[in-house]
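Next comes target_8.cif, with mmCIF, C-alpha atoms.
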```
data_model
loop_
_atom_site.group_PDB
_atom_site.id
_atom_site.type_symbol
_atom_site.label_atom_id
_atom_site.label_comp_id
_atom_site.auth_asym_id
_atom_site.auth_seq_id
_atom_site.Cartn_x
_atom_site.Cartn_y
_atom_site.Cartn_z
ATOM 1 C CA MET A 25 3.808 -20.179 -23.244
ATOM 2 C CA THR A 26 4.132 -16.543 -22.323
ATOM 3 C CA THR A 27 1.148 -14.598 -21.050
ATOM 4 C CA LEU A 28 -0.510 -11.802 -22.983
ATOM 5 C CA ALA A 29 0.858 -9.324 -20.420
ATOM 6 C CA GLU A 30 4.421 -10.571 -20.995
ATOM 7 C CA GLN A 31 3.868 -10.301 -24.737
ATOM 8 C CA LEU A 32 2.581 -6.724 -24.340
ATOM 9 C CA ARG A 33 5.726 -5.831 -22.393
ATOM 10 C CA ASP A 34 7.968 -7.439 -25.019
ATOM 11 C CA PHE A 35 6.079 -5.675 -27.829
ATOM 12 C CA LEU A 36 6.553 -2.280 -26.174
ATOM 13 C CA LEU A 37 10.250 -2.873 -25.519
ATOM 14 C CA ALA A 38 10.836 -4.006 -29.116
ATOM 15 C CA ASP A 39 10.162 -0.408 -30.192
ATOM 16 C CA ALA A 40 13.417 1.577 -30.319
ATOM 17 C CA THR A 41 11.789 4.848 -29.207
ATOM 18 C CA VAL A 42 10.018 3.310 -26.214
ATOM 19 C CA SER A 43 12.976 1.214 -25.076
ATOM 20 C CA GLY A 44 15.328 4.144 -25.660
ATOM 21 C CA LEU A 45 13.351 6.170 -23.133
ATOM 22 C CA VAL A 46 12.489 3.548 -20.487
ATOM 23 C CA GLU A 47 15.235 0.975 -21.063
ATOM 24 C CA GLU A 48 13.770 -2.117 -19.318
ATOM 25 C CA ARG A 49 11.442 -0.206 -16.950
ATOM 26 C CA VAL A 50 8.094 -1.642 -18.038
ATOM 27 C CA HIS A 51 6.410 -3.191 -15.004
ATOM 28 C CA GLN A 52 3.318 -5.322 -14.704
ATOM 29 C CA ALA A 53 1.259 -4.788 -11.525
ATOM 30 C CA ILE A 54 4.196 -4.245 -9.131
ATOM 31 C CA ILE A 55 7.064 -1.778 -9.393
ATOM 32 C CA PRO A 56 10.121 -3.165 -7.605
ATOM 33 C CA ASP A 57 11.305 -0.976 -4.720
ATOM 34 C CA ALA A 58 14.657 -0.380 -6.424
ATOM 35 C CA ALA A 59 12.863 1.036 -9.502
ATOM 36 C CA ARG A 60 10.393 3.330 -7.702
ATOM 37 C CA SER A 61 12.622 6.389 -7.909
ATOM 38 C CA VAL A 62 13.884 5.787 -11.465
ATOM 39 C CA TYR A 63 12.117 7.551 -14.356
ATOM 40 C CA PRO A 64 10.721 7.366 -16.902
ATOM 41 C CA ARG A 65 8.859 4.082 -16.613
ATOM 42 C CA ILE A 66 5.706 2.325 -17.739
ATOM 43 C CA TRP A 67 3.358 0.484 -15.415
ATOM 44 C CA PHE A 68 0.400 -1.642 -16.492
ATOM 45 C CA ARG A 69 -2.131 -4.132 -15.169
ATOM 46 C CA ARG A 70 -4.829 -6.292 -16.658
ATOM 47 C CA ALA A 71 -8.128 -4.555 -15.946
ATOM 48 C CA ALA A 72 -10.641 -6.818 -17.713
ATOM 49 C CA VAL A 73 -11.035 -9.853 -19.936
ATOM 50 C CA ASP A 74 -14.084 -10.148 -22.155
ATOM 51 C CA GLY A 75 -15.079 -12.648 -24.779
ATOM 52 C CA GLU A 76 -17.961 -12.505 -27.169
ATOM 53 C CA LEU A 77 -19.855 -15.762 -27.522
ATOM 54 C CA ASN A 78 -22.399 -16.576 -30.126
ATOM 55 C CA LEU A 79 -25.599 -18.318 -29.030
ATOM 56 C CA ASP A 80 -24.677 -21.743 -30.363
ATOM 57 C CA GLY A 81 -21.518 -21.853 -28.223
ATOM 58 C CA GLY A 82 -19.215 -21.129 -31.140
ATOM 59 C CA ALA A 83 -16.036 -19.142 -31.398
ATOM 60 C CA THR A 84 -15.040 -16.393 -29.028
ATOM 61 C CA LEU A 85 -13.162 -13.183 -29.634
ATOM 62 C CA PRO A 86 -11.168 -12.556 -26.465
ATOM 63 C CA GLN A 87 -10.526 -8.928 -25.582
ATOM 64 C CA THR A 88 -8.202 -7.985 -22.770
ATOM 65 C CA THR A 89 -8.136 -4.438 -21.413
ATOM 66 C CA PHE A 90 -5.041 -3.076 -19.699
ATOM 67 C CA ASP A 91 -4.654 0.072 -17.615
ATOM 68 C CA LEU A 92 -1.297 1.518 -18.660
ATOM 69 C CA GLU A 93 0.484 4.445 -17.047
ATOM 70 C CA VAL A 94 3.428 6.376 -18.407
ATOM 71 C CA LEU A 95 5.336 8.006 -15.527
ATOM 72 C CA THR A 96 8.139 10.541 -15.560
ATOM 73 C CA ASP A 97 9.591 13.287 -13.420
ATOM 74 C CA ASP A 98 10.032 15.509 -16.502
ATOM 75 C CA ILE A 99 6.811 17.001 -17.928
ATOM 76 C CA GLU A 100 8.510 17.603 -21.287
ATOM 77 C CA GLN A 101 9.424 13.922 -21.552
ATOM 78 C CA LEU A 102 5.911 12.780 -20.646
ATOM 79 C CA ASP A 103 4.303 13.654 -23.981
ATOM 80 C CA THR A 104 7.191 12.137 -25.933
ATOM 81 C CA LEU A 105 6.900 8.802 -24.136
ATOM 82 C CA ALA A 106 3.085 8.734 -24.109
ATOM 83 C CA ASP A 107 3.030 9.498 -27.845
ATOM 84 C CA ALA A 108 5.579 6.727 -28.500
ATOM 85 C CA VAL A 109 3.454 4.211 -26.577
ATOM 86 C CA ARG A 110 0.306 5.274 -28.455
ATOM 87 C CA ALA A 111 2.108 5.083 -31.801
ATOM 88 C CA ARG A 112 3.395 1.591 -30.999
ATOM 89 C CA LEU A 113 0.058 0.183 -29.851
ATOM 90 C CA HIS A 114 -2.880 1.985 -31.431
ATOM 91 C CA GLY A 115 -4.034 0.440 -34.692
ATOM 92 C CA TYR A 116 -1.774 -2.610 -34.533
ATOM 93 C CA PRO A 117 -1.653 -4.607 -36.735
ATOM 94 C CA PRO A 118 -1.651 -2.341 -39.780
ATOM 95 C CA THR A 119 -4.685 -2.728 -42.049
ATOM 96 C CA GLY A 120 -4.444 -5.717 -44.344
ATOM 97 C CA THR A 121 -1.820 -7.561 -42.310
ATOM 98 C CA ALA A 122 -1.895 -10.281 -39.697
ATOM 99 C CA GLY A 123 -0.316 -9.546 -36.357
ATOM 100 C CA SER A 124 1.168 -11.702 -33.665
ATOM 101 C CA TRP A 125 2.933 -11.300 -30.356
ATOM 102 C CA GLY A 126 5.064 -14.396 -30.115
ATOM 103 C CA THR A 127 2.717 -17.331 -30.644
ATOM 104 C CA ARG A 128 -0.481 -15.344 -30.005
ATOM 105 C CA GLN A 129 -2.477 -13.888 -32.881
ATOM 106 C CA VAL A 130 -3.322 -10.229 -32.302
ATOM 107 C CA LEU A 131 -6.317 -9.020 -34.282
ATOM 108 C CA GLY A 132 -6.339 -5.405 -33.140
ATOM 109 C CA VAL A 133 -5.052 -3.039 -30.464
ATOM 110 C CA PHE A 134 -6.847 0.150 -29.498
ATOM 111 C CA CYS A 135 -5.298 2.754 -27.219
ATOM 112 C CA GLU A 136 -7.219 5.666 -25.697
ATOM 113 C CA ASP A 137 -6.736 8.165 -22.898
ATOM 114 C CA GLN A 138 -8.335 7.140 -19.619
ATOM 115 C CA SER A 139 -11.354 9.080 -18.396
ATOM 116 C CA ASP A 140 -10.930 12.224 -16.310
ATOM 117 C CA ASP A 141 -11.886 10.420 -13.105
ATOM 118 C CA TYR A 142 -9.080 7.849 -13.453
ATOM 119 C CA ILE A 143 -6.995 7.449 -10.283
ATOM 120 C CA PRO A 144 -3.364 6.412 -10.906
ATOM 121 C CA PHE A 145 -2.208 3.119 -9.418
ATOM 122 C CA ALA A 146 1.558 3.395 -9.883
ATOM 123 C CA ILE A 147 2.095 6.445 -7.655
ATOM 124 C CA ASN A 148 1.050 6.795 -4.035
ATOM 125 C CA ASP A 149 1.405 10.510 -3.448
ATOM 126 C CA ASP A 150 2.272 13.778 -5.114
ATOM 127 C CA GLU A 151 5.989 13.200 -5.421
ATOM 128 C CA GLY A 152 6.455 15.428 -8.449
ATOM 129 C CA THR A 153 5.594 12.592 -10.798
ATOM 130 C CA HIS A 154 3.776 13.322 -14.039
ATOM 131 C CA PHE A 155 1.672 10.612 -15.616
ATOM 132 C CA ALA A 156 -0.434 9.839 -18.658
ATOM 133 C CA ALA A 157 -3.000 7.065 -18.247
ATOM 134 C CA LEU A 158 -4.098 4.966 -21.193
ATOM 135 C CA SER A 159 -6.677 2.243 -21.697
ATOM 136 C CA VAL A 160 -5.339 -0.447 -24.029
ATOM 137 C CA VAL A 161 -7.734 -3.016 -25.515
ATOM 138 C CA VAL A 162 -6.156 -6.045 -27.189
ATOM 139 C CA CYS A 163 -8.346 -8.281 -29.368
ATOM 140 C CA HIS A 164 -6.521 -11.584 -29.629
ATOM 141 C CA GLY A 165 -6.666 -15.275 -30.276
ATOM 142 C CA ALA A 166 -6.967 -17.649 -27.341
#
```

Please express the file's structure as structure tokens.
Amino acid sequence: MTTLAEQLRDFLLADATVSGLVEERVHQAIIPDAARSVYPRIWFRRAAVDGELNLDGGATLPQTTFDLEVLTDDIEQLDTLADAVRARLHGYPPTGTAGSWGTRQVLGVFCEDQSDDYIPFAINDDEGTHFAALSVVVCHGA
């Protein structure tokens, strides 16, 4: 069974606009050395996993939060890619429908800009890289 992170990557790449811009450059946690100088790209990591339990030990509603960074060396391209990622993720699944990523039920995805004090993880120095940082919360089945 694939992980939620792998399913997030696949879901992003299934969008023609996103994949048209980044090709296969969507990296979880580690950016391979060969890809460090190739733009644009998306980097993400799992930041938190939460589950709400009721007091009688009943069902949980798992929520996984990802830090996601859109990186490019072209400021004009940054907004286009960040908007495409937001459009793909935020509000999925559409109201009144059931969603799934592979075998996992996805109940809702919420995508917001990170706070102003966010420190990027996918770049180490000021190398002329522009980034947009998003917080992605996925409410999903187990």

| task | Kindly indicate which residue among A:Arg128, A:Glu30, A:Leu45, A:Ala106 lies nearest to A:Arg69, using only C-alpha atoms for the distances. | result |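 Among the listed residues, the smallest separation from A:Arg69 belongs to A:Glu30.
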
Name the residues in contact with stretch 151-166 of chain A at a cut-off of 9 Å, using only C-alpha atoms, excluding same-chain residues fewer than 6 positions from it; report them as an mmCIF file with C-alpha atoms, in the frame of the given file.
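Contents of the output file around.cif:
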```cif
data_model
loop_
_atom_site.group_PDB
_atom_site.id
_atom_site.type_symbol
_atom_site.label_atom_id
_atom_site.label_comp_id
_atom_site.auth_asym_id
_atom_site.auth_seq_id
_atom_site.Cartn_x
_atom_site.Cartn_y
_atom_site.Cartn_z
ATOM 1 C CA LEU A 28 -0.510 -11.802 -22.983
ATOM 2 C CA TYR A 63 12.117 7.551 -14.356
ATOM 3 C CA THR A 84 -15.040 -16.393 -29.028
ATOM 4 C CA LEU A 85 -13.162 -13.183 -29.634
ATOM 5 C CA PRO A 86 -11.168 -12.556 -26.465
ATOM 6 C CA GLN A 87 -10.526 -8.928 -25.582
ATOM 7 C CA THR A 88 -8.202 -7.985 -22.770
ATOM 8 C CA THR A 89 -8.136 -4.438 -21.413
ATOM 9 C CA PHE A 90 -5.041 -3.076 -19.699
ATOM 10 C CA ASP A 91 -4.654 0.072 -17.615
ATOM 11 C CA LEU A 92 -1.297 1.518 -18.660
ATOM 12 C CA GLU A 93 0.484 4.445 -17.047
ATOM 13 C CA VAL A 94 3.428 6.376 -18.407
ATOM 14 C CA LEU A 95 5.336 8.006 -15.527
ATOM 15 C CA THR A 96 8.139 10.541 -15.560
ATOM 16 C CA ASP A 97 9.591 13.287 -13.420
ATOM 17 C CA ASP A 98 10.032 15.509 -16.502
ATOM 18 C CA ILE A 99 6.811 17.001 -17.928
ATOM 19 C CA LEU A 102 5.911 12.780 -20.646
ATOM 20 C CA ASP A 103 4.303 13.654 -23.981
ATOM 21 C CA ALA A 106 3.085 8.734 -24.109
ATOM 22 C CA ARG A 110 0.306 5.274 -28.455
ATOM 23 C CA LEU A 113 0.058 0.183 -29.851
ATOM 24 C CA HIS A 114 -2.880 1.985 -31.431
ATOM 25 C CA SER A 124 1.168 -11.702 -33.665
ATOM 26 C CA ARG A 128 -0.481 -15.344 -30.005
ATOM 27 C CA GLN A 129 -2.477 -13.888 -32.881
ATOM 28 C CA VAL A 130 -3.322 -10.229 -32.302
ATOM 29 C CA LEU A 131 -6.317 -9.020 -34.282
ATOM 30 C CA GLY A 132 -6.339 -5.405 -33.140
ATOM 31 C CA VAL A 133 -5.052 -3.039 -30.464
ATOM 32 C CA PHE A 134 -6.847 0.150 -29.498
ATOM 33 C CA CYS A 135 -5.298 2.754 -27.219
ATOM 34 C CA GLU A 136 -7.219 5.666 -25.697
ATOM 35 C CA ASP A 137 -6.736 8.165 -22.898
ATOM 36 C CA GLN A 138 -8.335 7.140 -19.619
ATOM 37 C CA SER A 139 -11.354 9.080 -18.396
ATOM 38 C CA TYR A 142 -9.080 7.849 -13.453
ATOM 39 C CA ILE A 143 -6.995 7.449 -10.283
ATOM 40 C CA PRO A 144 -3.364 6.412 -10.906
#
```

| query | Near stretch 46-55 of chain A, counting all atoms listed in the file, which residues have an atom at most 6 Å away, once you skip same-chain residues fewer than 6 positions from it, shown as a PyMOL selection string? | reply | chain A and resi 64-69

| query | What is the distance between atom CA of A:Gln101 and atom CA of A:Trp125, in Å to one decimal? | reply |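 Distance reported for this atom pair: 27.5 Å.
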
| message | Between atom CA of A:Gln31 and atom CA of A:Gly126, what distance in Å does the model show, to one decimal? | response | 6.9 Å

| Contact residues around A:Val42 with all atoms listed in the file at 7 Å, ignoring same-chain residues under 5 positions, as a PyMOL selection string | chain A and resi 36-37+105+108-109

With C-alpha atoms retained, export the selected residues as a PDB file, in the coordinates of the input.
```pdb
ATOM      1  CA  LEU A  36       6.553  -2.280 -26.174  1.00  0.00           C
ATOM      2  CA  LEU A  37      10.250  -2.873 -25.519  1.00  0.00           C
ATOM      3  CA  LEU A 105       6.900   8.802 -24.136  1.00  0.00           C
ATOM      4  CA  ALA A 108       5.579   6.727 -28.500  1.00  0.00           C
ATOM      5  CA  VAL A 109       3.454   4.211 -26.577  1.00  0.00           C
TER       6      VAL A 109
END
```
